[in-house]
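Colleague: Mind having a look at this structure? Questions to follow.
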Amino acid sequence: MKSEEDEISLLQVAQFCLANWRLLLSGCVLFGMLGLAWSLSMPNIFSAKTLLLIAEPIGTKGGAALLQSDPVLKQAVEKFGLAVRYKRDSENEAKLALLNDHMKVSVAKDQPLEIMVTDTDPIMAARIANYLADLCRQQILGAHITEQGRKLYVLQGRLAISRERLKQAEKEVRADIQSGRLKLDSTAVQMVSGFASLEGMLAAGDTNNLDSALMQIKMELAKASGEVVALPPDLFTEVRDLYYHRALTQELARQVQQAELVASQDVQVLVEATPPLMKSSPKRSVIVAIAGLIGLVISTLLAFVLQWRRSGRLVLSAEK
C-alpha cells in the first residue's frame, strides 16, 4: 500500500509539473534575472587580513577590545577620511560603519588575533588593516602593560634620572676646571674614572664587564708607582660623580636598547595585509541561484492556487 501511495504521489507531482511547467519556468527565470540584475548593481568587495600575535597578560582578547575602542576607531576614521568614504554624515556614524560593516576581529584561544577589513578598493582595505594592526601594537607597547614592557619602563625611568644627574655633574666639574680649582693629571683621571666606572656598572647590575674594569684599575694603580693623588673631598666627589653617572648612563642605555628589542617581541605582526587579487563578495552565482529558487517556490504556490481554483470550478459545474 505504501509503495502504491508513493507511486501515486510521484505521479501527481509529475503531472502537476507537466501541467504548470511554463509557469514554474517563467517564475524561476524571472526571479533569477532579477537576482542577476541586483547582484550586478552591487559593488565588488575586497577583504584584506592581517595577523597580530599579542603576549599575555593582554592576549588576543585585550587586543580585540583595544581595536574596538573609540580612540582607535577615531584615529582610523580621521586617517583615511572614512566619513566621506563610507558616505556617513558624522564621525560617529563612520566609526560605527567601520566597526560593524567593514572590520571583523576574530579571537580564538591560543591563536593570533585576526584583523579583517573590507572595502571596495583592495589597496585601501590592506592599508586600513595594516594601520589598525600597527596602531594596536603601538598602543600596547607604549602603555608598558606587558611583562617586558614594564621592565623597559623601569629602565627608561632610571636612565632619565641618570642622564639628568650626569648633566649636573658635568656642569659642576666644568665650572671648577674653568675656575682653576680642579687640576688632574692623566693618571689621577684614570684612577678616579676606573673606580667610578666600576661603581656605575655595579649599580646598573652589569656583571659581565667587571673583570675588564678591575684589570684596568690594576694597570692604572701600577702606573701611579705608589703616588697618592690628594684632592679635597668636595672636588673628589665631583669627579667621582661625573665618571660614575657617565658609566651608569652608558650601561643603562645599553640595557634599554636590549629591553626595547625584547619588549617589541611581545606584540608582533605575523602576516601583513596585502591587496587581495580576488573579490570576497558579492557571490553573484549564489544570489542568482537563491533568487531562482525563490521564484520557483512562489510560482509553485501560484500554480497550486490556480489548480485549486480550477478544481473548485469543475466540482461546481459537475454538481449543476
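Identifiers for the C-alpha cells are assigned positionally: chains receive A, B, ... in sequence, residues are indexed from 1 per chain, and ligands are indexed from 1 in the order shown.
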Could you name the residues that touch Leu270 in chain A at 8 Å or less, counting only C-alpha atoms, but leaving out those on the same chain fewer than 3 positions away, as a count of residues only?
Modeller: 4
Colleague: Which is closer to Ala55 in chain A than all the others in A:Glu272, A:Glu172, A:Asp110, A:Glu91, using only C-alpha atoms?
Modeller: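 Using only C-alpha atoms, Ala55 in chain A sits closest to A:Asp110.
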Colleague: Any idea what's packed within 12 Å of Lys167 in chain A, counting only C-alpha atoms, ignoring anything in its chain fewer than 4 positions away? Could you give it as a list in words?
Modeller: Ala160, Ile161, Ser162, Arg163, Lys171, Glu172, Val173, Arg174, Glu238, Asp241, Leu242, Tyr243, His245, Arg246 and Thr249 of chain A
Colleague: Can those selected residues be exported to a file as a compact mmCIF listing (two decimals), in the first residue's frame so that it contains all heavy atoms?
Modeller:
```txt
# COMPACT_ATOMS: atom_id res chain seq x y z
N ALA A 160 66.61 58.09 32.52
CA ALA A 160 66.30 59.53 32.51
C ALA A 160 66.88 60.22 33.73
O ALA A 160 67.46 61.32 33.62
CB ALA A 160 64.79 59.72 32.46
N ILE A 161 66.76 59.59 34.90
CA ILE A 161 67.32 60.18 36.13
C ILE A 161 68.84 60.25 36.04
O ILE A 161 69.46 61.26 36.41
CB ILE A 161 66.88 59.36 37.35
CG1 ILE A 161 65.36 59.45 37.54
CG2 ILE A 161 67.59 59.83 38.61
CD1 ILE A 161 64.81 58.54 38.62
N SER A 162 69.47 59.18 35.54
CA SER A 162 70.93 59.14 35.44
C SER A 162 71.43 60.21 34.48
O SER A 162 72.48 60.84 34.73
CB SER A 162 71.39 57.76 34.98
OG SER A 162 72.79 57.69 34.89
N ARG A 163 70.74 60.44 33.40
CA ARG A 163 71.16 61.47 32.44
C ARG A 163 71.09 62.87 33.05
O ARG A 163 71.97 63.71 32.80
CB ARG A 163 70.29 61.39 31.19
CG ARG A 163 70.71 60.26 30.25
CD ARG A 163 69.75 60.11 29.10
NE ARG A 163 70.26 59.14 28.12
CZ ARG A 163 69.53 58.65 27.14
NH1 ARG A 163 68.25 59.02 26.99
NH2 ARG A 163 70.07 57.79 26.28
N LYS A 171 78.38 69.79 34.57
CA LYS A 171 78.32 71.24 34.77
C LYS A 171 79.22 71.67 35.93
O LYS A 171 79.97 72.66 35.84
CB LYS A 171 76.87 71.66 35.01
CG LYS A 171 76.68 73.15 35.20
CD LYS A 171 75.21 73.47 35.42
CE LYS A 171 75.01 74.96 35.64
NZ LYS A 171 73.56 75.28 35.88
N GLU A 172 79.17 70.92 37.03
CA GLU A 172 79.97 71.28 38.21
C GLU A 172 81.46 71.11 37.95
O GLU A 172 82.27 71.97 38.31
CB GLU A 172 79.53 70.42 39.40
CG GLU A 172 78.12 70.72 39.89
CD GLU A 172 77.67 69.77 40.97
OE1 GLU A 172 78.44 68.83 41.29
OE2 GLU A 172 76.56 69.95 41.50
N VAL A 173 81.85 70.00 37.33
CA VAL A 173 83.26 69.76 37.04
C VAL A 173 83.79 70.80 36.05
O VAL A 173 84.91 71.31 36.20
CB VAL A 173 83.46 68.34 36.50
CG1 VAL A 173 84.89 68.15 35.97
CG2 VAL A 173 83.17 67.31 37.59
N ARG A 174 83.01 71.13 35.03
CA ARG A 174 83.44 72.12 34.05
C ARG A 174 83.67 73.49 34.72
O ARG A 174 84.65 74.19 34.41
CB ARG A 174 82.38 72.24 32.96
CG ARG A 174 82.83 73.08 31.78
CD ARG A 174 81.75 73.20 30.71
NE ARG A 174 81.37 71.89 30.22
CZ ARG A 174 80.18 71.32 30.46
NH1 ARG A 174 79.27 71.93 31.21
NH2 ARG A 174 79.91 70.13 29.97
N GLU A 238 83.00 65.38 43.20
CA GLU A 238 82.52 65.87 41.90
C GLU A 238 83.06 65.01 40.76
O GLU A 238 82.32 64.61 39.85
CB GLU A 238 82.96 67.32 41.70
CG GLU A 238 82.17 68.32 42.54
CD GLU A 238 82.59 69.74 42.24
OE1 GLU A 238 83.35 69.93 41.27
OE2 GLU A 238 82.15 70.65 42.97
N ASP A 241 81.50 61.55 40.88
CA ASP A 241 80.12 61.55 40.40
C ASP A 241 80.05 61.65 38.88
O ASP A 241 79.19 61.03 38.24
CB ASP A 241 79.35 62.72 41.02
CG ASP A 241 79.05 62.49 42.50
OD1 ASP A 241 79.22 61.34 42.96
OD2 ASP A 241 78.66 63.46 43.18
N LEU A 242 80.97 62.43 38.31
CA LEU A 242 80.98 62.57 36.85
C LEU A 242 81.18 61.23 36.18
O LEU A 242 80.41 60.81 35.32
CB LEU A 242 82.07 63.55 36.44
CG LEU A 242 82.35 63.63 34.92
CD1 LEU A 242 81.12 64.17 34.20
CD2 LEU A 242 83.57 64.49 34.65
N TYR A 243 82.21 60.51 36.56
CA TYR A 243 82.52 59.24 35.90
C TYR A 243 81.55 58.13 36.33
O TYR A 243 81.28 57.22 35.54
CB TYR A 243 83.96 58.84 36.20
CG TYR A 243 84.94 59.70 35.45
CD1 TYR A 243 85.60 60.74 36.11
CD2 TYR A 243 85.19 59.51 34.10
CE1 TYR A 243 86.50 61.56 35.42
CE2 TYR A 243 86.08 60.31 33.41
CZ TYR A 243 86.72 61.34 34.07
OH TYR A 243 87.60 62.14 33.40
N HIS A 245 78.24 58.56 37.01
CA HIS A 245 77.00 58.72 36.25
C HIS A 245 77.21 58.51 34.76
O HIS A 245 76.29 58.09 34.05
CB HIS A 245 76.39 60.10 36.52
CG HIS A 245 75.85 60.25 37.90
ND1 HIS A 245 74.80 59.48 38.37
CD2 HIS A 245 76.19 61.08 38.92
CE1 HIS A 245 74.52 59.81 39.62
NE2 HIS A 245 75.35 60.79 39.98
N ARG A 246 78.43 58.79 34.28
CA ARG A 246 78.71 58.52 32.87
C ARG A 246 78.69 57.01 32.61
O ARG A 246 78.08 56.55 31.63
CB ARG A 246 80.07 59.11 32.50
CG ARG A 246 80.44 58.92 31.03
CD ARG A 246 81.72 59.64 30.72
NE ARG A 246 81.55 61.09 30.83
CZ ARG A 246 82.57 61.96 30.72
NH1 ARG A 246 83.81 61.52 30.53
NH2 ARG A 246 82.33 63.25 30.80
N THR A 249 75.05 55.76 33.03
CA THR A 249 74.20 56.14 31.90
C THR A 249 74.48 55.28 30.68
O THR A 249 73.56 54.83 29.99
CB THR A 249 74.41 57.63 31.56
OG1 THR A 249 74.07 58.43 32.69
CG2 THR A 249 73.56 58.05 30.37
```
Colleague: Show me, as CSV, the residues of range 80-190 of chain A having an atom within 10 Å of range 30-44 of chain A, each with the closest atom pair and its distance in Å, using only C-alpha atoms.
Modeller:
```
residue,atom,partner,partner_atom,distance
A:Asp119,CA,A:Asn44,CA,8.5
A:Thr120,CA,A:Asn44,CA,5.9
A:Asp121,CA,A:Asn44,CA,8.5
A:Pro122,CA,A:Asn44,CA,9.7
```
Colleague: Quick one: DSSP strand (DSSP E or B) residues in range 10-152 of chain A, as a CSV table (one decimal) with N, CA, C and O atoms, in the first residue's frame?
Modeller:
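Result file follows (states11.csv):
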```csv
chain,number,residue,atom,x,y,z
A,45,ILE,N,33.4,43.8,-3.3
A,45,ILE,CA,34.0,44.0,-2.0
A,45,ILE,C,35.3,43.1,-1.9
A,45,ILE,O,35.2,41.9,-2.2
A,46,PHE,N,36.4,43.7,-1.4
A,46,PHE,CA,37.6,43.0,-1.2
A,46,PHE,C,38.0,43.0,0.3
A,46,PHE,O,37.7,43.9,1.0
A,47,SER,N,38.5,41.8,0.7
A,47,SER,CA,38.8,41.6,2.1
A,47,SER,C,40.4,41.5,2.3
A,47,SER,O,41.0,40.7,1.6
A,48,ALA,N,40.9,42.2,3.2
A,48,ALA,CA,42.4,42.2,3.5
A,48,ALA,C,42.5,41.7,4.9
A,48,ALA,O,41.8,42.2,5.8
A,49,LYS,N,43.5,40.8,5.2
A,49,LYS,CA,43.6,40.2,6.5
A,49,LYS,C,45.0,40.3,7.0
A,49,LYS,O,46.0,40.1,6.3
A,50,THR,N,45.2,40.6,8.3
A,50,THR,CA,46.5,40.7,9.0
A,50,THR,C,46.4,39.9,10.3
A,50,THR,O,45.3,39.8,10.9
A,51,LEU,N,47.5,39.3,10.7
A,51,LEU,CA,47.5,38.5,11.9
A,51,LEU,C,48.5,39.2,12.9
A,51,LEU,O,49.6,39.6,12.6
A,52,LEU,N,48.0,39.3,14.2
A,52,LEU,CA,48.8,40.0,15.2
A,52,LEU,C,48.9,39.1,16.4
A,52,LEU,O,47.9,38.6,16.9
A,53,LEU,N,50.2,38.8,16.8
A,53,LEU,CA,50.4,38.0,18.0
A,53,LEU,C,50.7,38.9,19.2
A,53,LEU,O,51.6,39.7,19.2
A,54,ILE,N,49.9,38.7,20.3
A,54,ILE,CA,50.0,39.5,21.4
A,54,ILE,C,50.2,38.6,22.7
A,54,ILE,O,49.5,37.7,22.9
A,103,MET,N,35.0,46.0,9.4
A,103,MET,CA,36.1,45.4,10.2
A,103,MET,C,35.5,44.2,11.0
A,103,MET,O,34.5,44.3,11.6
A,104,LYS,N,36.3,43.2,10.9
A,104,LYS,CA,36.0,41.9,11.7
A,104,LYS,C,37.2,41.5,12.4
A,104,LYS,O,38.3,41.3,11.8
A,105,VAL,N,37.1,41.3,13.7
A,105,VAL,CA,38.2,40.9,14.6
A,105,VAL,C,37.8,39.5,15.1
A,105,VAL,O,36.8,39.3,15.8
A,106,SER,N,38.7,38.5,14.8
A,106,SER,CA,38.4,37.2,15.2
A,106,SER,C,39.4,36.8,16.4
A,106,SER,O,40.6,37.0,16.3
A,113,LEU,N,45.6,37.1,16.8
A,113,LEU,CA,44.4,38.0,16.6
A,113,LEU,C,44.3,38.3,15.1
A,113,LEU,O,45.3,38.7,14.4
A,114,GLU,N,43.2,38.0,14.5
A,114,GLU,CA,42.9,38.2,13.1
A,114,GLU,C,42.1,39.4,12.9
A,114,GLU,O,41.0,39.6,13.4
A,115,ILE,N,42.7,40.3,12.0
A,115,ILE,CA,42.0,41.6,11.7
A,115,ILE,C,41.7,41.6,10.2
A,115,ILE,O,42.6,41.5,9.4
A,116,MET,N,40.4,41.6,9.9
A,116,MET,CA,40.0,41.6,8.5
A,116,MET,C,39.2,42.9,8.2
A,116,MET,O,38.3,43.3,8.9
A,117,VAL,N,39.6,43.6,7.1
A,117,VAL,CA,39.0,44.8,6.7
A,117,VAL,C,38.5,44.7,5.3
A,117,VAL,O,39.2,44.1,4.4
A,118,THR,N,37.2,45.1,5.1
A,118,THR,CA,36.6,45.0,3.7
A,118,THR,C,36.5,46.5,3.2
A,118,THR,O,36.2,47.4,3.9
A,119,ASP,N,36.6,46.5,1.8
A,119,ASP,CA,36.5,47.8,1.2
A,119,ASP,C,36.3,47.5,-0.3
A,119,ASP,O,36.7,46.5,-0.8
```
